file structure-v6.cif (mmCIF, C-alpha atoms and all ligand atoms)
data_input
#
loop_
_atom_site.label_atom_id
_atom_site.label_comp_id
_atom_site.auth_asym_id
_atom_site.auth_seq_id
_atom_site.Cartn_x
_atom_site.Cartn_y
_atom_site.Cartn_z
CA MET A 1 0.00 0.00 0.00
CA SER A 2 1.09 3.60 -0.43
CA ALA A 3 1.69 5.69 2.67
CA LEU A 4 -1.26 7.58 4.09
CA ASP A 5 -0.86 11.35 4.33
CA VAL A 6 -1.01 13.20 7.64
CA LYS A 7 -4.71 13.98 7.35
CA GLU A 8 -5.56 10.35 6.64
CA ILE A 9 -3.31 9.16 9.46
CA LYS A 10 -5.10 11.45 11.92
CA GLU A 11 -8.53 10.26 10.76
CA LYS A 12 -7.54 6.62 11.17
CA LEU A 13 -6.01 7.25 14.59
CA LYS A 14 -9.21 8.93 15.75
CA GLU A 15 -11.07 5.72 14.98
CA ASN A 16 -8.59 3.59 16.90
CA LEU A 17 -7.71 5.68 19.97
CA THR A 18 -9.65 7.05 22.90
CA LYS A 19 -10.06 10.84 23.04
CA LYS A 20 -7.46 11.11 25.79
CA ARG A 21 -4.93 8.96 23.91
CA TYR A 22 -5.53 10.98 20.75
CA GLU A 23 -4.83 14.23 22.63
CA HIS A 24 -1.60 12.71 23.98
CA THR A 25 -0.69 11.63 20.45
CA ILE A 26 -1.14 15.16 19.08
CA GLY A 27 0.98 16.46 21.98
CA VAL A 28 3.76 14.02 21.18
CA ALA A 29 3.66 14.91 17.47
CA TYR A 30 3.93 18.68 18.13
CA THR A 31 6.63 18.23 20.77
CA ALA A 32 8.56 15.96 18.40
CA MET A 33 8.31 18.55 15.62
CA CYS A 34 9.68 21.28 17.91
CA MET A 35 12.54 19.02 18.96
CA ALA A 36 13.20 18.19 15.30
CA MET A 37 13.70 21.91 14.64
CA VAL A 38 16.36 22.10 17.35
CA HIS A 39 18.09 18.81 16.54
CA ASP A 40 18.08 19.00 12.73
CA VAL A 41 15.66 16.19 12.01
CA ASP A 42 13.08 16.16 9.21
CA ILE A 43 9.95 17.79 10.68
CA GLU A 44 7.51 15.70 8.65
CA LYS A 45 9.15 12.47 9.83
CA ALA A 46 8.96 13.63 13.44
CA ASN A 47 5.27 14.41 12.93
CA ILE A 48 4.45 10.99 11.47
CA ALA A 49 6.49 9.10 14.08
CA GLY A 50 4.87 11.10 16.89
CA LEU A 51 1.40 10.55 15.47
CA LEU A 52 1.89 6.81 15.06
CA HIS A 53 3.90 5.94 18.19
CA ASP A 54 0.87 4.75 20.22
CA ASN A 55 -1.35 3.61 17.33
CA ALA A 56 -1.74 0.15 18.95
CA LYS A 57 -2.18 1.42 22.49
CA CYS A 58 -5.94 1.20 22.92
CA MET A 59 -6.21 -2.59 22.94
CA SER A 60 -6.70 -5.13 25.68
CA ASP A 61 -3.73 -7.27 26.74
CA ASP A 62 -5.42 -10.32 25.22
CA LYS A 63 -5.93 -8.60 21.90
CA LEU A 64 -2.31 -7.35 21.81
CA VAL A 65 -1.06 -10.90 22.33
CA GLN A 66 -3.51 -12.33 19.81
CA LYS A 67 -2.57 -9.77 17.11
CA CYS A 68 1.16 -10.30 17.70
CA LYS A 69 0.71 -14.04 17.29
CA LYS A 70 -1.37 -13.55 14.16
CA HIS A 71 1.40 -11.51 12.55
CA ASP A 72 4.28 -13.70 13.80
CA LEU A 73 5.74 -11.00 16.04
CA LYS A 74 7.95 -12.62 18.66
CA ILE A 75 6.74 -12.16 22.24
CA SER A 76 9.60 -11.98 24.78
CA SER A 77 9.20 -13.34 28.31
CA ILE A 78 8.83 -9.84 29.79
CA GLU A 79 6.19 -9.07 27.14
CA LYS A 80 4.40 -12.28 28.09
CA THR A 81 4.02 -11.09 31.68
CA HIS A 82 3.56 -7.39 30.76
CA PRO A 83 1.62 -7.43 27.48
CA TYR A 84 1.13 -3.63 27.41
CA LEU A 85 4.78 -3.44 26.32
CA LEU A 86 3.62 -5.05 23.06
CA HIS A 87 1.85 -1.86 21.96
CA ALA A 88 5.25 -0.61 20.74
CA LYS A 89 6.04 -3.77 18.78
CA LEU A 90 2.57 -4.14 17.27
CA GLY A 91 2.42 -0.39 16.62
CA ALA A 92 5.71 -0.51 14.71
CA PHE A 93 4.33 -3.36 12.60
CA TYR A 94 1.01 -1.58 12.02
CA ALA A 95 2.84 1.57 10.90
CA GLY A 96 3.84 -0.38 7.82
CA TYR A 97 0.91 -2.75 7.56
CA LYS A 98 -1.97 -0.35 8.16
CA TYR A 99 -0.49 3.10 7.46
CA GLY A 100 1.90 2.24 4.64
CA ILE A 101 5.02 3.67 6.31
CA GLU A 102 8.25 2.29 4.84
CA ASP A 103 10.83 4.47 6.57
CA ASP A 104 12.84 2.25 8.96
CA ASP A 105 13.80 5.17 11.18
CA ILE A 106 10.13 6.00 11.78
CA ILE A 107 9.31 2.34 12.38
CA ASN A 108 12.19 1.89 14.84
CA SER A 109 11.26 5.06 16.70
CA ILE A 110 7.84 3.48 17.32
CA LEU A 111 9.36 0.08 18.18
CA TYR A 112 11.70 1.54 20.83
CA HIS A 113 9.56 4.39 22.18
CA THR A 114 8.80 2.68 25.51
CA THR A 115 12.18 1.17 26.44
CA GLY A 116 14.57 3.21 24.34
CA ARG A 117 17.70 1.33 23.21
CA PRO A 118 21.44 1.96 23.17
CA ASP A 119 22.78 4.24 20.41
CA MET A 120 19.42 5.57 19.25
CA THR A 121 19.10 7.71 16.12
CA MET A 122 18.11 11.33 16.69
CA LEU A 123 14.51 10.56 15.64
CA GLU A 124 14.35 7.61 18.06
CA LYS A 125 15.57 9.83 20.91
CA ILE A 126 13.07 12.52 19.98
CA ILE A 127 10.08 10.15 20.12
CA TYR A 128 11.31 8.51 23.33
CA ILE A 129 11.57 11.94 24.96
CA ALA A 130 8.52 13.64 23.39
CA ASP A 131 6.36 10.79 24.70
CA TYR A 132 7.58 11.58 28.22
CA ILE A 133 7.41 15.40 28.16
CA GLU A 134 4.48 16.37 25.91
CA PRO A 135 2.38 19.10 27.56
CA SER A 136 -0.42 16.91 28.92
CA ARG A 137 2.01 14.69 30.85
CA ASN A 138 2.26 15.85 34.44
CA LYS A 139 3.06 12.94 36.74
CA ALA A 140 6.77 12.23 36.30
CA THR A 141 9.39 13.62 38.64
CA ASN A 142 12.00 16.08 37.35
CA LEU A 143 9.73 17.05 34.44
CA LYS A 144 10.76 20.69 34.47
CA LYS A 145 14.45 19.82 34.21
CA ILE A 146 13.83 17.05 31.66
CA ARG A 147 11.78 19.41 29.45
CA LYS A 148 14.66 21.88 29.32
CA LEU A 149 17.19 19.10 28.60
CA ALA A 150 15.07 17.94 25.65
CA PHE A 151 16.02 21.14 23.85
CA SER A 152 19.54 21.63 25.25
CA ASP A 153 21.21 18.25 25.88
CA ILE A 154 19.41 15.32 24.30
CA ASP A 155 21.69 12.51 25.59
CA GLU A 156 21.52 13.77 29.15
CA CYS A 157 17.76 13.97 28.68
CA VAL A 158 17.55 10.29 27.64
CA TYR A 159 19.79 9.40 30.58
CA GLN A 160 17.54 11.22 33.07
CA ILE A 161 14.33 9.69 31.69
CA SER A 162 15.71 6.13 31.69
CA LYS A 163 17.06 6.63 35.22
CA ASP A 164 13.70 7.91 36.50
CA THR A 165 11.80 5.16 34.67
CA LEU A 166 13.96 2.47 36.31
CA GLU A 167 13.50 4.09 39.71
CA TYR A 168 9.76 4.14 39.13
CA LEU A 169 9.74 0.46 38.11
CA GLN A 170 12.24 -0.67 40.76
CA LYS A 171 9.43 -1.48 43.14
CA ASP A 172 8.91 -4.59 41.11
CA ASP A 173 12.20 -5.97 39.74
CA ASP A 174 10.55 -8.69 37.67
CA SER A 175 8.83 -6.08 35.55
CA ILE A 176 11.93 -4.56 33.98
CA ASP A 177 12.66 -5.08 30.31
CA MET A 178 16.44 -5.49 29.90
CA THR A 179 16.36 -3.05 26.99
CA THR A 180 15.35 -0.32 29.45
CA VAL A 181 18.42 -1.17 31.57
CA GLU A 182 20.67 -1.22 28.50
CA THR A 183 19.37 2.21 27.49
CA TYR A 184 20.12 3.56 30.95
CA LYS A 185 23.66 2.11 31.02
CA TYR A 186 24.52 3.33 27.54
CA TYR A 187 23.42 6.92 28.17
CA GLU A 188 24.86 6.96 31.69
CA ASP A 189 28.20 6.05 30.15
CA ILE A 190 27.95 8.88 27.59
CA VAL A 191 27.13 11.43 30.27
CA ASN A 192 29.90 10.18 32.60
CA LYS A 193 32.56 10.17 29.87
CA ARG A 194 31.70 13.74 29.01
CA ARG A 195 31.89 14.82 32.61
CA GLY A 196 35.33 13.17 32.76
O1 LIG B 201 2.25 4.49 25.91
P1 LIG B 201 2.51 5.66 26.83
O2 LIG B 201 1.76 5.55 28.11
O3 LIG B 201 2.29 6.98 26.18
O4 LIG B 201 4.07 5.63 27.20
P2 LIG B 201 5.09 4.41 27.09
O5 LIG B 201 4.92 3.68 25.83
O6 LIG B 201 6.45 4.99 27.37
O7 LIG B 201 4.69 3.48 28.27
C1 LIG B 201 4.82 3.99 29.54
C2 LIG B 201 4.91 2.92 30.57
O8 LIG B 201 5.86 1.94 30.20
C3 LIG B 201 5.37 3.55 31.88
O9 LIG B 201 4.44 3.22 32.87
C4 LIG B 201 6.70 2.90 32.12
C5 LIG B 201 6.58 1.63 31.33
N1 LIG B 201 7.89 1.05 31.02
C6 LIG B 201 9.00 1.61 30.50
N2 LIG B 201 10.02 0.72 30.49
C7 LIG B 201 9.52 -0.43 31.01
C8 LIG B 201 8.16 -0.22 31.33
N3 LIG B 201 7.36 -1.17 31.89
C9 LIG B 201 7.92 -2.35 32.16
N4 LIG B 201 7.19 -3.31 32.70
N5 LIG B 201 9.23 -2.62 31.89
C10 LIG B 201 10.07 -1.71 31.33
O10 LIG B 201 11.26 -1.98 31.14
FE FE B 202 3.50 4.10 24.27
FE FE B 203 2.75 7.63 24.24
#
call {"tool": "encode", "arguments": {"input": "structure-v6.cif", "output": "structure tokens"}}
result
Amino acid sequence: MSALDVKEIKEKLKENLTKKRYEHTIGVAYTAMCMAMVHDVDIEKANIAGLLHDNAKCMSDDKLVQKCKKHDLKISSIEKTHPYLLHAKLGAFYAGYKYGIEDDDIINSILYHTTGRPDMTMLEKIIYIADYIEPSRNKATNLKKIRKLAFSDIDECVYQISKDTLEYLQKDDDSIDMTTVETYKYYEDIVNKRRG
């Protein structure tokens, strides 16, 4: 299929997301576009990645698992016990399958938006961060500092978000996806090396 344009993407998302999730999605897309201006990324790509990052979010755990099986997407052991993590994997697949997106950078930015990963591309970092800081988010600690870092020091920003996410999850060690830990270690190392 050929890629849907932005208007068509928004219409399709409206059918598939709750009102609240759609508002969050628009917030992520605008935040990602602003960050793209600062960090020299294609604005249109940031828009599409932001719009599509949670396209598979409004689904029950059972349905996520069932759709992943149907499309032969591998379910890891952590995803088996925490199926909501699959919204990133299924969403990345749907970006191509349902929205006609072929750009690997956009698809990977959806795939890794929840856990991050080591050595992310600029677009991947932007979506990982924009998801965390978009204006309607208000629960995370250090948000004020993290929002400034998003536009001034993107690697330190990823480091701070992954650190806070691990602290937030720490209550329940079994729930941590190792990719989240790898992200934290990789960006901690970058920040430490720079500090000398
Ligand atoms: O889909 P959103 O709510 O917009 O945001 P998201 O895709 O970043 O998902 C957020 C949740 O994912 C948040 O509660 C933290 C959680 N998360 C991030 N890394 C991990 C994780 N949950 C588990 N179980 N394991 C992880 O490693
Ligand atoms: Fe998400
Ligand atoms: Fe999100």
call {"tool": "residues_around", "arguments": {"input": "structure-v6.cif", "residues": "segment 52-67 of chain A", "least_positions_apart": "4", "cutoff": "9 Å", "atoms": "all atoms listed in the file", "output": "JSON, numbers by chain"}}
result
{"A": [9, 10, 13, 16, 17, 18, 21, 22, 25, 28, 29, 47, 48, 71, 72, 73, 75, 79, 80, 82, 83, 84, 86, 87, 88, 89, 90, 91, 92, 94, 95, 99, 106, 107, 109, 110, 111, 113, 127, 131]}
call {"tool": "residues_around", "arguments": {"input": "structure-v6.cif", "residues": "segment 170-183 of chain A", "least_positions_apart": "4", "cutoff": "12 Å", "atoms": "only C-alpha atoms", "output": "ChimeraX atom specification"}}
result
/A:76-86,111-120,124-125,128,155-166,187-190
call {"tool": "residues_around", "arguments": {"input": "structure-v6.cif", "residues": "Met122 of chain A", "least_positions_apart": "6", "cutoff": "9 Å", "atoms": "all atoms listed in the file", "output": "ChimeraX atom specification"}}
result
/A:36,39-41,154
call {"tool": "closest_residue", "arguments": {"input": "structure-v6.cif", "among": "A:Arg195, A:His24, A:Lys98, A:Lys14", "to": "ligand LIG 201 (chain B)", "atoms": "all atoms listed in the file"}}
result
A:His24
call {"tool": "closest_residue", "arguments": {"input": "structure-v6.cif", "among": "A:Asp103, A:Leu51, A:Lys20, A:Phe93", "to": "Met33 of chain A", "atoms": "all atoms listed in the file"}}
result
A:Leu51
call {"tool": "atom_distance", "arguments": {"input": "structure-v6.cif", "atom1": "atom CA of Ile126 of chain A", "atom2": "atom O3 of ligand LIG 201 (chain B)"}}
result
13.6 Å
call {"tool": "closest_residue", "arguments": {"input": "structure-v6.cif", "among": "A:Lys69, A:Lys12, A:Asn108, A:Ile146", "to": "Ala49 of chain A", "atoms": "all atoms listed in the file"}}
result
A:Asn108
call {"tool": "atom_distance", "arguments": {"input": "structure-v6.cif", "atom1": "atom CA of Gly50 of chain A", "atom2": "atom CA of Glu102 of chain A"}}
result
15.3 Å
call {"tool": "atom_distance", "arguments": {"input": "structure-v6.cif", "atom1": "atom CA of Tyr132 of chain A", "atom2": "atom CA of Leu169 of chain A"}}
result
15.0 Å
call {"tool": "closest_residue", "arguments": {"input": "structure-v6.cif", "among": "A:Glu11, A:Glu167, A:Glu134, A:Asp105", "to": "Ala32 of chain A", "atoms": "all atoms listed in the file"}}
result
A:Glu134
call {"tool": "closest_residue", "arguments": {"input": "structure-v6.cif", "among": "A:Ala3, A:Met35, A:Ala130, A:Ala46", "to": "ligand FE 202 (chain B)", "atoms": "all atoms listed in the file"}}
result
A:Ala130
call {"tool": "build_atoms", "arguments": {"input": "structure-v6.cif", "residues": "segment 149-160 of chain A", "atoms": "N, CA, C and O atoms", "output": "mmCIF file, keeping the file's coordinate frame"}}
result
data_model
loop_
_atom_site.group_PDB
_atom_site.id
_atom_site.type_symbol
_atom_site.label_atom_id
_atom_site.label_comp_id
_atom_site.auth_asym_id
_atom_site.auth_seq_id
_atom_site.Cartn_x
_atom_site.Cartn_y
_atom_site.Cartn_z
ATOM 1 N N LEU A 149 16.126 19.930 29.193
ATOM 2 C CA LEU A 149 17.190 19.100 28.600
ATOM 3 C C LEU A 149 16.815 18.623 27.195
ATOM 4 O O LEU A 149 17.689 18.446 26.346
ATOM 5 N N ALA A 150 15.520 18.421 26.961
ATOM 6 C CA ALA A 150 15.070 17.940 25.650
ATOM 7 C C ALA A 150 15.529 18.873 24.528
ATOM 8 O O ALA A 150 15.755 18.445 23.396
ATOM 9 N N PHE A 151 15.653 20.143 24.867
ATOM 10 C CA PHE A 151 16.020 21.140 23.850
ATOM 11 C C PHE A 151 17.462 21.617 24.002
ATOM 12 O O PHE A 151 17.929 22.424 23.218
ATOM 13 N N SER A 152 18.173 21.131 25.025
ATOM 14 C CA SER A 152 19.540 21.630 25.250
ATOM 15 C C SER A 152 20.584 20.523 25.277
ATOM 16 O O SER A 152 21.712 20.723 24.838
ATOM 17 N N ASP A 153 20.225 19.343 25.799
ATOM 18 C CA ASP A 153 21.210 18.250 25.880
ATOM 19 C C ASP A 153 20.463 16.914 25.772
ATOM 20 O O ASP A 153 20.027 16.339 26.782
ATOM 21 N N ILE A 154 20.326 16.441 24.550
ATOM 22 C CA ILE A 154 19.410 15.320 24.300
ATOM 23 C C ILE A 154 19.885 14.008 24.939
ATOM 24 O O ILE A 154 19.078 13.218 25.423
ATOM 25 N N ASP A 155 21.200 13.761 24.980
ATOM 26 C CA ASP A 155 21.690 12.510 25.590
ATOM 27 C C ASP A 155 21.503 12.523 27.103
ATOM 28 O O ASP A 155 21.121 11.511 27.701
ATOM 29 N N GLU A 156 21.761 13.656 27.711
ATOM 30 C CA GLU A 156 21.520 13.770 29.150
ATOM 31 C C GLU A 156 20.030 13.610 29.453
ATOM 32 O O GLU A 156 19.630 13.033 30.466
ATOM 33 N N CYS A 157 19.206 14.088 28.534
ATOM 34 C CA CYS A 157 17.760 13.970 28.680
ATOM 35 C C CYS A 157 17.329 12.491 28.660
ATOM 36 O O CYS A 157 16.561 12.047 29.520
ATOM 37 N N VAL A 158 17.853 11.728 27.697
ATOM 38 C CA VAL A 158 17.550 10.290 27.640
ATOM 39 C C VAL A 158 18.034 9.604 28.916
ATOM 40 O O VAL A 158 17.326 8.772 29.504
ATOM 41 N N TYR A 159 19.229 9.967 29.351
ATOM 42 C CA TYR A 159 19.790 9.400 30.580
ATOM 43 C C TYR A 159 18.840 9.635 31.769
ATOM 44 O O TYR A 159 18.493 8.696 32.496
ATOM 45 N N GLN A 160 18.394 10.870 31.926
ATOM 46 C CA GLN A 160 17.540 11.220 33.070
ATOM 47 C C GLN A 160 16.202 10.485 33.015
ATOM 48 O O GLN A 160 15.705 9.982 34.033
#
